[in-house]
Every structure is written in structure tokens, then in C-alpha cells.
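Dumped work_24.txt below, it's compact mmCIF, C-alpha atoms:
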```
# COMPACT_ATOMS: atom_id res chain seq x y z
CA MET A 1 -17.90 37.64 72.91
CA THR A 2 -16.45 35.19 70.37
CA ALA A 3 -19.05 33.21 68.46
CA GLN A 4 -19.15 29.44 68.85
CA LEU A 5 -17.83 27.87 65.63
CA PHE A 6 -19.89 25.09 64.07
CA ALA A 7 -17.95 23.48 61.21
CA VAL A 8 -19.91 21.50 58.62
CA HIS A 9 -18.12 18.59 56.91
CA GLY A 10 -17.59 18.72 53.15
CA LEU A 11 -19.93 15.83 52.33
CA VAL A 12 -22.67 17.30 54.54
CA SER A 13 -22.15 20.73 52.94
CA PHE A 14 -22.41 19.25 49.46
CA THR A 15 -25.57 17.32 50.35
CA LEU A 16 -27.09 20.44 51.91
CA ALA A 17 -26.35 22.36 48.70
CA ILE A 18 -28.35 19.77 46.74
CA LEU A 19 -31.27 20.15 49.13
CA LEU A 20 -31.06 23.94 48.86
CA LEU A 21 -31.14 23.72 45.07
CA PHE A 22 -34.32 21.64 45.33
CA LEU A 23 -35.72 24.21 47.77
CA GLY A 24 -34.91 27.03 45.37
CA LYS A 25 -36.58 25.17 42.50
CA THR A 26 -39.71 24.59 44.59
CA LEU A 27 -39.92 28.25 45.67
CA VAL A 28 -39.44 29.49 42.09
CA GLN A 29 -42.10 27.08 40.79
CA HIS A 30 -44.60 28.40 43.32
CA SER A 31 -43.75 32.09 42.88
CA THR A 32 -45.01 33.92 39.80
CA LEU A 33 -42.80 36.90 40.68
CA LEU A 34 -39.59 34.84 40.81
CA ARG A 35 -40.42 33.14 37.50
CA GLN A 36 -41.45 36.35 35.79
CA TYR A 37 -38.18 38.08 36.60
CA CYS A 38 -35.96 35.05 35.91
CA ILE A 39 -34.49 34.77 39.42
CA PRO A 40 -32.19 31.70 39.41
CA GLU A 41 -33.21 28.75 41.57
CA SER A 42 -29.67 28.42 42.95
CA VAL A 43 -29.77 32.05 44.13
CA VAL A 44 -33.03 31.51 46.01
CA GLY A 45 -31.84 28.33 47.74
CA GLY A 46 -28.38 29.65 48.56
CA PHE A 47 -29.66 32.94 49.95
CA VAL A 48 -32.16 31.14 52.22
CA CYS A 49 -29.22 29.28 53.77
CA ALA A 50 -27.17 32.49 54.15
CA ALA A 51 -30.12 34.14 55.88
CA VAL A 52 -30.55 31.21 58.29
CA THR A 53 -26.84 31.14 59.21
CA SER A 54 -27.00 34.89 59.84
CA LEU A 55 -29.94 34.41 62.21
CA LEU A 56 -27.96 31.74 64.07
CA TYR A 57 -25.00 34.12 64.36
CA PHE A 58 -26.97 37.13 65.62
CA GLY A 59 -29.55 35.18 67.62
CA LEU A 60 -27.57 32.33 69.18
CA ASN A 61 -23.95 33.49 68.65
CA ILE A 62 -23.22 30.42 66.50
CA GLN A 63 -20.98 30.83 63.46
CA VAL A 64 -21.69 28.16 60.85
CA GLU A 65 -18.78 27.43 58.53
CA PHE A 66 -19.22 25.13 55.54
CA ASP A 67 -16.44 23.11 53.93
CA LEU A 68 -16.92 24.10 50.28
CA GLN A 69 -13.68 22.95 48.63
CA VAL A 70 -15.58 21.12 45.89
CA ARG A 71 -17.24 24.40 44.85
CA ASP A 72 -14.32 25.62 42.72
CA THR A 73 -14.06 22.26 40.94
CA MET A 74 -17.71 22.63 39.94
CA LEU A 75 -16.87 25.96 38.31
CA LEU A 76 -13.98 24.39 36.37
CA TYR A 77 -16.23 21.60 35.07
CA PHE A 78 -18.78 24.17 33.96
CA PHE A 79 -16.32 26.29 31.98
CA ALA A 80 -14.70 23.20 30.50
CA GLY A 81 -18.17 22.31 29.20
CA ILE A 82 -18.63 25.81 27.75
CA GLY A 83 -15.32 25.44 25.92
CA LEU A 84 -16.18 21.99 24.57
CA ARG A 85 -19.39 23.37 23.07
CA SER A 86 -17.84 26.58 21.71
CA ASP A 87 -17.22 27.29 18.05
CA MET A 88 -14.39 29.72 17.26
CA ARG A 89 -16.14 30.64 14.03
CA GLN A 90 -18.86 32.23 16.14
CA LEU A 91 -16.22 34.03 18.21
CA ILE A 92 -14.54 35.41 15.10
CA LYS A 93 -17.91 36.71 13.98
CA GLY A 94 -18.30 38.23 17.44
CA GLY A 95 -14.89 39.95 17.47
CA ARG A 96 -16.35 43.44 17.24
CA PRO A 97 -19.02 42.88 19.95
CA LEU A 98 -16.31 41.47 22.23
CA LEU A 99 -14.24 44.63 21.79
CA ILE A 100 -17.29 46.85 22.37
CA LEU A 101 -18.21 44.98 25.55
CA LEU A 102 -14.63 45.26 26.82
CA VAL A 103 -14.63 49.03 26.23
CA LEU A 104 -18.00 49.35 27.98
CA ALA A 105 -16.69 47.35 30.94
CA ALA A 106 -13.49 49.44 31.12
CA VAL A 107 -15.45 52.72 31.12
CA PHE A 108 -17.70 51.31 33.82
CA ILE A 109 -14.68 50.48 36.01
CA PHE A 110 -13.65 54.16 35.91
CA LEU A 111 -17.17 55.21 36.93
CA GLN A 112 -17.30 52.53 39.64
CA ASN A 113 -14.05 53.66 41.24
CA ALA A 114 -14.88 57.37 40.94
CA LEU A 115 -18.18 56.72 42.73
CA GLY A 116 -16.51 54.63 45.45
CA MET A 117 -13.84 57.25 46.14
CA GLY A 118 -16.44 60.03 46.16
CA MET A 119 -18.55 58.17 48.73
CA ALA A 120 -15.48 57.59 50.91
CA GLU A 121 -14.79 61.34 50.95
CA VAL A 122 -18.42 62.06 51.88
CA PHE A 123 -18.04 59.76 54.92
CA GLY A 124 -14.72 61.32 55.89
CA LEU A 125 -12.63 58.29 54.96
CA ASP A 126 -9.45 58.06 52.92
CA PRO A 127 -10.69 58.37 49.31
CA LYS A 128 -8.62 55.33 48.33
CA ALA A 129 -10.67 53.25 50.77
CA GLY A 130 -13.49 53.80 48.27
CA LEU A 131 -11.67 51.56 45.81
CA MET A 132 -12.50 48.64 48.09
CA VAL A 133 -16.21 49.33 47.43
CA GLY A 134 -15.41 49.90 43.77
CA SER A 135 -13.87 47.73 41.09
CA ILE A 136 -11.62 45.79 43.48
CA SER A 137 -14.46 43.96 45.22
CA LEU A 138 -17.21 44.33 42.60
CA THR A 139 -15.72 43.91 39.13
CA GLY A 140 -12.71 42.07 40.54
CA GLY A 141 -14.55 39.72 42.89
CA VAL A 142 -13.31 37.99 46.00
CA GLY A 143 -9.99 36.90 44.44
CA THR A 144 -9.02 40.47 43.50
CA THR A 145 -10.18 41.66 46.93
CA LEU A 146 -7.93 39.21 48.75
CA ALA A 147 -5.02 40.12 46.48
CA TRP A 148 -5.26 43.92 46.94
CA ALA A 149 -6.40 44.19 50.58
CA PRO A 150 -2.95 43.48 52.14
CA LEU A 151 -1.39 46.21 49.97
CA PHE A 152 -4.02 48.71 51.09
CA VAL A 153 -3.35 47.81 54.74
CA GLU A 154 0.44 47.80 54.56
CA ARG A 155 1.17 50.61 52.08
CA LEU A 156 -1.87 52.89 52.34
CA GLY A 157 -2.69 52.37 56.02
CA ILE A 158 -6.36 51.46 55.40
CA GLN A 159 -6.71 48.96 58.24
CA ASN A 160 -10.24 47.77 57.45
CA ALA A 161 -9.57 47.26 53.73
CA HIS A 162 -10.18 43.51 53.93
CA GLU A 163 -13.50 43.87 55.74
CA LEU A 164 -14.70 46.61 53.36
CA GLY A 165 -13.80 44.50 50.34
CA ILE A 166 -15.36 41.24 51.52
CA ALA A 167 -18.55 42.96 52.68
CA SER A 168 -18.91 44.84 49.39
CA ASN A 169 -18.29 41.69 47.39
CA THR A 170 -20.98 39.92 49.40
CA VAL A 171 -23.60 42.58 48.66
CA GLY A 172 -22.48 42.83 45.04
CA LEU A 173 -22.72 39.10 44.51
CA ILE A 174 -26.30 39.00 45.79
CA ALA A 175 -27.30 42.06 43.75
CA ALA A 176 -25.72 40.68 40.57
CA CYS A 177 -27.79 37.53 40.89
CA VAL A 178 -31.01 39.49 41.40
CA ILE A 179 -30.82 42.26 38.77
CA GLY A 180 -29.76 40.28 35.68
CA GLY A 181 -32.97 38.41 34.92
CA PRO A 182 -35.33 41.38 35.49
CA ILE A 183 -33.20 43.64 33.26
CA ALA A 184 -33.29 41.17 30.37
CA ASN A 185 -36.98 40.46 30.88
CA ARG A 186 -37.79 44.18 30.83
CA LEU A 187 -35.69 44.79 27.70
CA ILE A 188 -37.27 41.87 25.83
CA ARG A 189 -40.80 43.03 26.66
CA ARG A 190 -40.30 46.77 26.17
CA HIS A 191 -38.48 46.49 22.85
CA GLN A 192 -40.59 43.51 21.70
CA LEU A 193 -37.47 41.52 20.92
CA THR A 194 -37.78 38.24 19.07
CA PRO A 195 -36.23 35.45 21.19
CA SER A 196 -34.09 32.96 19.32
CA GLY A 197 -36.19 29.95 20.39
CA ASP A 198 -33.01 27.95 19.69
CA ALA A 199 -33.09 24.83 21.88
CA ALA A 200 -29.33 24.18 21.55
CA LEU A 201 -28.50 25.88 24.84
CA GLU A 202 -25.02 26.04 26.31
CA VAL A 203 -26.54 25.04 29.66
CA GLY A 204 -29.80 23.19 30.40
CA ILE A 205 -32.87 22.99 28.17
CA LEU A 206 -35.67 25.34 27.19
CA GLU A 207 -38.55 25.46 29.67
CA GLN A 208 -41.00 24.27 26.99
CA GLN A 209 -38.63 21.67 25.56
CA GLN A 210 -38.97 18.05 26.63
CA SER A 211 -35.66 16.43 27.49
CA LYS A 212 -34.69 13.31 25.59
CA PRO A 213 -33.85 10.10 27.47
CA LEU A 214 -30.15 9.79 28.27
CA ASP A 215 -28.07 6.65 28.10
CA TYR A 216 -25.57 6.46 30.94
CA TYR A 217 -22.83 6.01 28.34
CA ASP A 218 -23.72 9.49 27.08
CA VAL A 219 -22.99 10.91 30.52
CA LEU A 220 -19.78 8.88 30.91
CA TRP A 221 -18.63 9.95 27.46
CA ALA A 222 -19.22 13.61 28.31
CA TRP A 223 -17.58 13.17 31.71
CA MET A 224 -14.47 11.71 30.08
CA TRP A 225 -14.11 14.72 27.76
CA LEU A 226 -14.64 17.09 30.66
CA ASN A 227 -11.89 15.40 32.67
CA LEU A 228 -9.53 15.51 29.70
CA THR A 229 -10.32 19.19 29.32
CA LEU A 230 -9.60 19.86 32.99
CA MET A 231 -6.26 18.06 32.68
CA LEU A 232 -5.28 20.16 29.68
CA GLY A 233 -6.57 23.28 31.42
CA TYR A 234 -4.42 22.62 34.48
CA GLY A 235 -1.41 22.07 32.20
CA LEU A 236 -2.03 25.33 30.35
CA ASN A 237 -2.40 27.16 33.66
CA LEU A 238 0.93 25.82 34.93
CA LEU A 239 2.66 26.87 31.71
CA LEU A 240 1.22 30.37 32.04
CA VAL A 241 2.29 30.63 35.68
CA ASP A 242 5.82 29.56 34.74
CA SER A 243 5.77 32.29 32.09
CA GLY A 244 4.82 34.90 34.68
CA ILE A 245 1.17 35.15 33.59
CA THR A 246 -1.49 34.58 36.24
CA LEU A 247 -5.02 33.81 35.08
CA PRO A 248 -8.00 32.19 36.81
CA LYS A 249 -8.00 28.43 36.25
CA PHE A 250 -11.46 28.52 34.72
CA VAL A 251 -10.10 30.65 31.85
CA SER A 252 -7.48 28.00 31.11
CA CYS A 253 -10.17 25.29 31.19
CA LEU A 254 -12.37 27.35 28.86
CA PHE A 255 -9.54 27.64 26.33
CA ALA A 256 -8.67 23.96 26.76
CA GLY A 257 -12.26 23.03 25.92
CA ILE A 258 -12.17 25.19 22.78
CA VAL A 259 -8.89 23.55 21.69
CA ILE A 260 -10.18 20.00 22.25
CA HIS A 261 -13.47 20.77 20.48
CA HIS A 262 -11.71 21.94 17.34
CA LEU A 263 -9.12 19.16 17.41
CA VAL A 264 -11.85 16.53 17.61
CA ARG A 265 -13.89 18.24 14.91
CA GLY A 266 -10.85 18.33 12.64
CA LEU A 267 -10.07 14.66 13.23
CA ILE A 268 -13.53 13.11 12.91
CA GLY A 269 -15.38 15.67 10.78
CA GLU A 270 -18.32 18.01 11.32
CA GLN A 271 -21.09 15.56 10.44
CA ARG A 272 -19.80 12.80 12.72
CA LEU A 273 -19.47 15.30 15.55
CA LYS A 274 -23.10 16.35 15.14
CA SER A 275 -24.18 12.71 15.33
CA TRP A 276 -22.90 12.49 18.91
CA SER A 277 -26.04 14.21 20.18
CA GLY A 278 -26.25 12.00 23.25
CA ALA A 279 -22.79 13.02 24.44
CA SER A 280 -23.68 16.66 23.82
CA GLN A 281 -26.82 16.24 25.91
CA GLY A 282 -24.78 14.59 28.66
CA LEU A 283 -22.39 17.53 28.54
CA SER A 284 -25.29 19.96 28.97
CA LEU A 285 -26.63 17.96 31.90
CA ILE A 286 -23.32 17.92 33.78
CA SER A 287 -22.70 21.62 33.05
CA ASP A 288 -26.15 22.55 34.31
CA VAL A 289 -25.68 20.60 37.54
CA CYS A 290 -22.21 22.06 38.15
CA LEU A 291 -23.29 25.65 37.60
CA GLY A 292 -26.33 25.35 39.86
CA MET A 293 -24.32 23.68 42.60
CA PHE A 294 -21.49 26.22 42.36
CA LEU A 295 -23.69 29.25 42.84
CA THR A 296 -25.78 27.58 45.56
CA MET A 297 -22.60 26.82 47.51
CA ALA A 298 -21.18 30.29 46.84
CA LEU A 299 -24.27 31.94 48.34
CA MET A 300 -24.81 29.49 51.21
CA GLY A 301 -21.24 30.22 52.33
CA LEU A 302 -21.77 33.98 52.57
CA GLN A 303 -21.20 35.38 56.05
CA LEU A 304 -23.60 38.30 56.02
CA TRP A 305 -22.60 39.43 59.53
CA GLN A 306 -19.33 40.74 58.04
CA LEU A 307 -21.37 43.66 56.71
CA SER A 308 -21.86 45.09 60.21
CA GLY A 309 -18.45 46.79 60.51
CA ALA A 310 -19.00 49.82 58.29
CA LEU A 311 -22.66 49.20 57.60
CA LEU A 312 -23.85 52.72 56.77
CA PHE A 313 -20.95 53.49 54.42
CA ILE A 314 -21.26 50.14 52.66
CA ALA A 315 -25.05 50.41 52.41
CA CYS A 316 -24.93 53.89 50.85
CA ALA A 317 -22.01 53.13 48.54
CA LEU A 318 -23.40 49.82 47.31
CA THR A 319 -26.90 51.24 46.80
CA LEU A 320 -25.44 53.81 44.42
CA GLN A 321 -23.17 51.21 42.78
CA ILE A 322 -26.12 48.91 42.10
CA LEU A 323 -28.19 51.82 40.75
CA LEU A 324 -25.29 52.85 38.50
CA THR A 325 -24.99 49.28 37.22
CA VAL A 326 -28.69 49.00 36.41
CA LEU A 327 -28.81 52.34 34.56
CA TYR A 328 -25.54 51.74 32.70
CA THR A 329 -26.63 48.26 31.64
CA TYR A 330 -30.16 49.21 30.65
CA PHE A 331 -29.37 52.37 28.69
CA LEU A 332 -25.81 51.85 27.39
CA VAL A 333 -24.79 48.17 27.34
CA PHE A 334 -27.99 47.04 25.63
CA ARG A 335 -27.82 49.88 23.10
CA PHE A 336 -24.17 49.48 22.12
CA MET A 337 -24.36 45.69 22.00
CA GLY A 338 -26.96 45.83 19.23
CA ARG A 339 -30.42 46.32 20.81
CA ASN A 340 -31.39 42.73 19.91
CA TYR A 341 -32.05 39.48 21.79
CA GLU A 342 -28.33 38.68 22.12
CA ALA A 343 -27.82 42.17 23.58
CA SER A 344 -30.53 41.57 26.18
CA VAL A 345 -28.85 38.33 27.29
CA ILE A 346 -25.47 40.10 27.47
CA ALA A 347 -27.15 42.83 29.52
CA SER A 348 -28.39 40.17 31.98
CA GLY A 349 -24.81 39.01 32.36
CA PHE A 350 -23.30 42.47 32.74
CA GLY A 351 -24.40 42.62 36.37
CA GLY A 352 -22.12 39.63 36.93
CA ILE A 353 -19.25 41.45 35.26
CA ALA A 354 -19.85 44.67 37.18
CA LEU A 355 -20.99 43.44 40.61
CA GLY A 356 -20.40 39.74 41.10
CA SER A 357 -18.35 37.22 39.19
CA THR A 358 -18.17 35.32 35.94
CA ALA A 359 -20.32 32.60 37.49
CA THR A 360 -23.14 35.00 38.36
CA ALA A 361 -22.99 36.45 34.84
CA ILE A 362 -23.37 32.96 33.37
CA VAL A 363 -26.16 32.01 35.78
CA ASN A 364 -28.13 35.12 34.84
CA MET A 365 -27.72 34.43 31.12
CA THR A 366 -28.56 30.76 31.60
CA THR A 367 -31.82 31.58 33.36
CA VAL A 368 -32.83 33.95 30.55
CA THR A 369 -31.91 31.58 27.72
CA GLN A 370 -33.72 28.65 29.33
CA LYS A 371 -36.86 30.76 29.08
CA TYR A 372 -36.35 32.42 25.67
CA GLY A 373 -33.78 30.40 23.71
CA ALA A 374 -30.03 30.17 23.11
CA ALA A 375 -27.68 33.16 22.73
CA HIS A 376 -24.46 31.58 21.51
CA GLN A 377 -22.47 34.76 21.00
CA ALA A 378 -23.25 35.98 24.51
CA PHE A 379 -21.91 32.75 26.04
CA LEU A 380 -18.63 33.20 24.20
CA ILE A 381 -17.84 36.88 24.66
CA VAL A 382 -19.10 37.43 28.23
CA PRO A 383 -16.86 34.73 29.83
CA LEU A 384 -13.85 35.98 27.86
CA VAL A 385 -14.43 39.61 28.81
CA CYS A 386 -15.38 38.80 32.40
CA GLY A 387 -12.79 36.11 33.08
CA PHE A 388 -9.80 37.24 31.06
CA PHE A 389 -9.57 40.71 29.54
CA ILE A 390 -11.35 42.61 32.28
CA ASP A 391 -8.97 41.38 34.99
CA LEU A 392 -6.05 42.90 33.10
CA VAL A 393 -7.87 46.19 32.52
CA ASN A 394 -9.06 46.30 36.13
CA ALA A 395 -5.54 45.79 37.49
CA VAL A 396 -4.21 48.71 35.44
CA ILE A 397 -7.04 51.04 36.47
CA ILE A 398 -6.79 50.09 40.16
CA GLY A 399 -3.07 50.84 40.02
CA MET A 400 -3.76 54.25 38.51
CA PHE A 401 -6.36 55.20 41.11
CA SER A 402 -4.44 53.84 44.12
CA GLY A 403 -0.95 54.87 43.08
CA LEU A 404 0.36 51.39 44.02
```

Please render this file's structure as C-alpha cells.
Amino acid sequence: MTAQLFAVHGLVSFTLAILLLFLGKTLVQHSTLLRQYCIPESVVGGFVCAAVTSLLYFGLNIQVEFDLQVRDTMLLYFFAGIGLRSDMRQLIKGGRPLLILLVLAAVFIFLQNALGMGMAEVFGLDPKAGLMVGSISLTGGVGTTLAWAPLFVERLGIQNAHELGIASNTVGLIAACVIGGPIANRLIRRHQLTPSGDAALEVGILEQQQSKPLDYYDVLWAWMWLNLTLMLGYGLNLLLVDSGITLPKFVSCLFAGIVIHHLVRGLIGEQRLKSWSGASQGLSLISDVCLGMFLTMALMGLQLWQLSGALLFIACALTLQILLTVLYTYFLVFRFMGRNYEASVIASGFGGIALGSTATAIVNMTTVTQKYGAAHQAFLIVPLVCGFFIDLVNAVIIGMFSGL
């Protein structure tokens, strides 16, 4: 029996996302466990909504569908803000860690796909169907899933490729949000790492830090620069598309922010730029709001009932994938990234690289840094690896495994 569709208007969906973010904040404030393991407020609120819509689907045969078009714009604003606050001098210093993280991610993709194909064979499926519970849906995310699924259906004859990919991405996204904070928290405590305590966060403010009063001109000033960055980012993206290069728009906006930051610094000088602290604070405020709203909307829009098709196979495969991610991150990523505080923050974001998306990686790192202090290098190299380089590596490896 076809479920009754209940469509929620965009404005109502956006307003509900705000309420869910407040709900998540309230639940985290009243839960020692959630605070201790740095579970993001947006994850808590968004998952509550996904659970409720699933109950409506299974209990009353009502399919709730939210209009979430504004969600992707939120992500672009966030990465534009990251770019505007980025310093290429820090990136140059972090050239070697960026390369190391890319190699670690590439090796992990091989392991991820080998595990997925092995599990498919165990369940008597075409081994290549295992790629849909491997790097296509997990490292690649929903965009890569939607891009590869038609090829798997048409050229490999795997008819349920789309369902396998979307379901795996759903589980991976939730897991990525949950494991990041606890991994970092465990590493910091076990190795007695010294947090930076640096209050100049890329997103938000330290838990113990009191926020300064904001003038509304500070917010407008920051908003103007963000809009200019988005315009330049869209232009860069169009130029790349015309050149035959396809990249996520948030990568173009990240680079546009970096370009504008250094152009402005060159024109007005370093000291004058530092004096615009109000605009910088406004930028942090808008970035924080956009990131929280993006992930809340991403999770509230999950349709968990899509997992029911190949539930046992997906459950077994994803359980092992999550376990592999935790062990690989805890014992290898942290070690090779330097065994310091920055490495623990990068480790919290690796779950986003390996299981979810760039946004979940950033949310995990944001939650950790708001508790322990800034990790500037992590916020530069993780988005570049996760949003740019890894997509190219993943495409090559998927092609090798699938023969497409």
C-alpha cells in the first residue's frame, strides 16, 4: 500500500529546523553523556525528527517530505566563512600533514571497498554491489551515490544499487556524527593532550568564553563579504565546469573565500584587518548558525524506512564499516597525523571523511574545538582533503574496482 505523502513547505521546514536545533541544545545541556562525548546539538535535534517521521511512516503509513532547498545554501555560506578566515601561510605549513591525510584516506578507501565486496559475496550478491556499501555511499556521500547508481543498474545489472547506496549513506551519516566527538575525547584524555585553549575558533566560541556584544553593522559587514564570496565562488565553479572540471560548489566557495581574504589583507594591511574584530565575530556567528542549520536539516530529512529493503546485508556491512573506521582512525590516523591535539581534532573529522560528508567532519571538529580550543590546521586540511582531493581519488579507485 502506497504511503500518504505529507509535504512540508520550505518556510515551515526551516522554522522546524530552528526548533529542532533548540531541542538538541536543550537535550545536550541536560545530558552529561552527550556533553562528555561531544555529540553535536544539531545531530540530536535532527535525529529526533528523523525518528518521529519514521514512526509516522511505519505506524500511520504517512510519508513526511520536507522542502529543504535552503539547506545547500547554508553549506555554501559556511564554507565561504571558512575561506574568509583561512590563512594560506598556515596551509603551506600544513602541506605535509595534508598529503599524509590524503594518503591515509586513499588507503582507507581501498579497505572500505574490499570489505564491502567481501560482505556482498558472503550474502551471495554480486561482489560489485558491495561497492555501494563501500566508498561510493560512505566516502563519496549522497552526490557520488546518485552519480554512480545509474551506471551500476544499466551496465552491471545491479537493480537495487540506488537503494543500497542511499540506505548505506543514511547509516553512515548518522554514525559519522556520533563517533567523531567520542574518539577525540578519548584520545585527548588517554594521551593527556594539551588543548590549544585558543579562543579564535573557525566556528562558534569556546564553552567557557563569554561572547562579546555584537553591533548589527558587524553582522551586515560579515554578511556582505559572505555574499561577495558566494558570487565569486559561483563564478569559479562555472569556469571550472566550462573547462570540464566538476567540483562541489562548496569547494569553489572555500577557495573564493581564501582569495578574497588575501586580497583584502594585501590591500588594507595585516594590522587594519585584525582591527575588524567585530566583523570577524559576525562572520563566526553566521558560520555557526549555517553549519548547525545545515546538519539539522540534513538529518531531519533522512528517510530511515529506506533501510528496510536489504536490511540484514546493510546492517552487517555497515557495522563492520563503522568498526573499521573507528579502529583505523583511533590507531592510524591519530598516530600518523602527529599524536597531538590537532591530530585528535582531525581524527574527530575523519569519520566525516570516511562515513558521512564534509559537513559532518566539520561539525565533529567544531564540537571538539568549542570545548577544548581552536585547531586551525585541521580546519584547513580536512575540508580540502574531504571536499576536493578525495573525490578525485575515490573516482579512480571506484573505477578500478567496478571496471566501469

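Shortest separation to A:Ser357 among A:Gly292, A:Gly157, A:Gly141, A:Gly180 occurs at residue A:Gly141, atoms counted being all atoms listed in the file.
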
Q.
Excluding A:Pro150 and its own-chain neighbours fewer than 6 positions away, which residues fall within 12 Å of it when counting only C-alpha atoms? Please give them as a PyMOL selection string.
A. chain A and resi 132+144+156-163+165+404

Which residues of stretch 285-346 of chain A come within 7 Å of stretch 44-66 of chain A, and what is each one's closest atom pair and distance in Å (one decimal), counting all atoms listed in the file, sorted by chain and residue number, as JSON lines?
```
{"residue": "A:Thr296", "atom": "CA", "partner": "A:Gly46", "partner_atom": "CA", "distance": 4.5}
{"residue": "A:Met297", "atom": "CA", "partner": "A:Gly46", "partner_atom": "CA", "distance": 6.5}
{"residue": "A:Leu299", "atom": "CA", "partner": "A:Gly46", "partner_atom": "CA", "distance": 4.7}
{"residue": "A:Met300", "atom": "CA", "partner": "A:Gly46", "partner_atom": "CA", "distance": 4.4}
{"residue": "A:Gly301", "atom": "CA", "partner": "A:Phe66", "partner_atom": "CA", "distance": 6.3}
{"residue": "A:Leu302", "atom": "CA", "partner": "A:Ala50", "partner_atom": "CA", "distance": 5.8}
{"residue": "A:Gln303", "atom": "CA", "partner": "A:Ala50", "partner_atom": "CA", "distance": 6.9}
{"residue": "A:Leu304", "atom": "CA", "partner": "A:Ser54", "partner_atom": "CA", "distance": 6.1}
{"residue": "A:Trp305", "atom": "CA", "partner": "A:Ser54", "partner_atom": "CA", "distance": 6.3}
```

Q: Might you pull out every residue within 12 Å of A:Ser137, with only C-alpha atoms counted and same-chain residues fewer than 3 positions away left off, and present them as an MDAnalysis selection string?
A: chainID A and resid 109 112:113 116 129:134 140:149 161:173 314 318 321 353:357 391 394:395 398

Can I get the selected residues back with C-alpha atoms, as a PDB file, in the coordinates of the input?
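Once everything was written out, this is part-v1.pdb:
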```pdb
ATOM      1  CA  ILE A 109     -14.680  50.480  36.010  1.00  0.00           C
ATOM      2  CA  GLN A 112     -17.300  52.530  39.640  1.00  0.00           C
ATOM      3  CA  ASN A 113     -14.050  53.660  41.240  1.00  0.00           C
ATOM      4  CA  GLY A 116     -16.510  54.630  45.450  1.00  0.00           C
ATOM      5  CA  ALA A 129     -10.670  53.250  50.770  1.00  0.00           C
ATOM      6  CA  GLY A 130     -13.490  53.800  48.270  1.00  0.00           C
ATOM      7  CA  LEU A 131     -11.670  51.560  45.810  1.00  0.00           C
ATOM      8  CA  MET A 132     -12.500  48.640  48.090  1.00  0.00           C
ATOM      9  CA  VAL A 133     -16.210  49.330  47.430  1.00  0.00           C
ATOM     10  CA  GLY A 134     -15.410  49.900  43.770  1.00  0.00           C
ATOM     11  CA  GLY A 140     -12.710  42.070  40.540  1.00  0.00           C
ATOM     12  CA  GLY A 141     -14.550  39.720  42.890  1.00  0.00           C
ATOM     13  CA  VAL A 142     -13.310  37.990  46.000  1.00  0.00           C
ATOM     14  CA  GLY A 143      -9.990  36.900  44.440  1.00  0.00           C
ATOM     15  CA  THR A 144      -9.020  40.470  43.500  1.00  0.00           C
ATOM     16  CA  THR A 145     -10.180  41.660  46.930  1.00  0.00           C
ATOM     17  CA  LEU A 146      -7.930  39.210  48.750  1.00  0.00           C
ATOM     18  CA  ALA A 147      -5.020  40.120  46.480  1.00  0.00           C
ATOM     19  CA  TRP A 148      -5.260  43.920  46.940  1.00  0.00           C
ATOM     20  CA  ALA A 149      -6.400  44.190  50.580  1.00  0.00           C
ATOM     21  CA  ALA A 161      -9.570  47.260  53.730  1.00  0.00           C
ATOM     22  CA  HIS A 162     -10.180  43.510  53.930  1.00  0.00           C
ATOM     23  CA  GLU A 163     -13.500  43.870  55.740  1.00  0.00           C
ATOM     24  CA  LEU A 164     -14.700  46.610  53.360  1.00  0.00           C
ATOM     25  CA  GLY A 165     -13.800  44.500  50.340  1.00  0.00           C
ATOM     26  CA  ILE A 166     -15.360  41.240  51.520  1.00  0.00           C
ATOM     27  CA  ALA A 167     -18.550  42.960  52.680  1.00  0.00           C
ATOM     28  CA  SER A 168     -18.910  44.840  49.390  1.00  0.00           C
ATOM     29  CA  ASN A 169     -18.290  41.690  47.390  1.00  0.00           C
ATOM     30  CA  THR A 170     -20.980  39.920  49.400  1.00  0.00           C
ATOM     31  CA  VAL A 171     -23.600  42.580  48.660  1.00  0.00           C
ATOM     32  CA  GLY A 172     -22.480  42.830  45.040  1.00  0.00           C
ATOM     33  CA  LEU A 173     -22.720  39.100  44.510  1.00  0.00           C
ATOM     34  CA  ILE A 314     -21.260  50.140  52.660  1.00  0.00           C
ATOM     35  CA  LEU A 318     -23.400  49.820  47.310  1.00  0.00           C
ATOM     36  CA  GLN A 321     -23.170  51.210  42.780  1.00  0.00           C
ATOM     37  CA  ILE A 353     -19.250  41.450  35.260  1.00  0.00           C
ATOM     38  CA  ALA A 354     -19.850  44.670  37.180  1.00  0.00           C
ATOM     39  CA  LEU A 355     -20.990  43.440  40.610  1.00  0.00           C
ATOM     40  CA  GLY A 356     -20.400  39.740  41.100  1.00  0.00           C
ATOM     41  CA  SER A 357     -18.350  37.220  39.190  1.00  0.00           C
ATOM     42  CA  ASP A 391      -8.970  41.380  34.990  1.00  0.00           C
ATOM     43  CA  ASN A 394      -9.060  46.300  36.130  1.00  0.00           C
ATOM     44  CA  ALA A 395      -5.540  45.790  37.490  1.00  0.00           C
ATOM     45  CA  ILE A 398      -6.790  50.090  40.160  1.00  0.00           C
TER      46      ILE A 398
END
```

Q: Could you check which of A:Gly282, A:Gly351, A:Gly338, A:Gly95 is closest to A:Leu226, using only C-alpha atoms?
A: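 Under the stated criterion, the closest residue is A:Gly282.
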
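Considering only C-alpha atoms, the residue among A:Leu283, A:Leu240, A:Val368, A:Glu121 positioned nearest to A:Ala317 is A:Glu121.
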
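Pairwise distance (atom CA of A:Leu84, atom CA of A:Leu236) equals 15.6 Å.
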
Q: Determine, counting only C-alpha atoms, every residue of protein, DNA or RNA that lies within 12 Å of (-24.0, 49.3, 21.5) in the file coordinates, then give the result as a PyMOL selection string.
A: chain A and resi 96-104+328-340+342-344+346-347

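In this model, the gap between atom CA of A:Phe255 and atom CA of A:Ala80 comes to 8.0 Å.
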
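The gap separating atom CA of A:Ala106 from atom CA of A:Val393 is 6.6 Å, in Å to one decimal.
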
Q) Contacts of A:Phe78 at 7 Å or less, counting only C-alpha atoms, minus same-chain residues fewer than 2 places along, as number ranges by chain? A) A: 74-76, 80-82, 287, 290-291

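With all atoms listed in the file as the atoms that count, the minimum distance from A:Arg189 to the choices A:Tyr341, A:Phe108, A:Leu151, A:Ile136 is reached by A:Tyr341.
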
(Q) I need the residue nearest A:Ile174 from this list: A:Trp221, A:Lys128, A:His261, A:Ile39. Use all atoms listed in the file for the distance. (A) A:Ile39
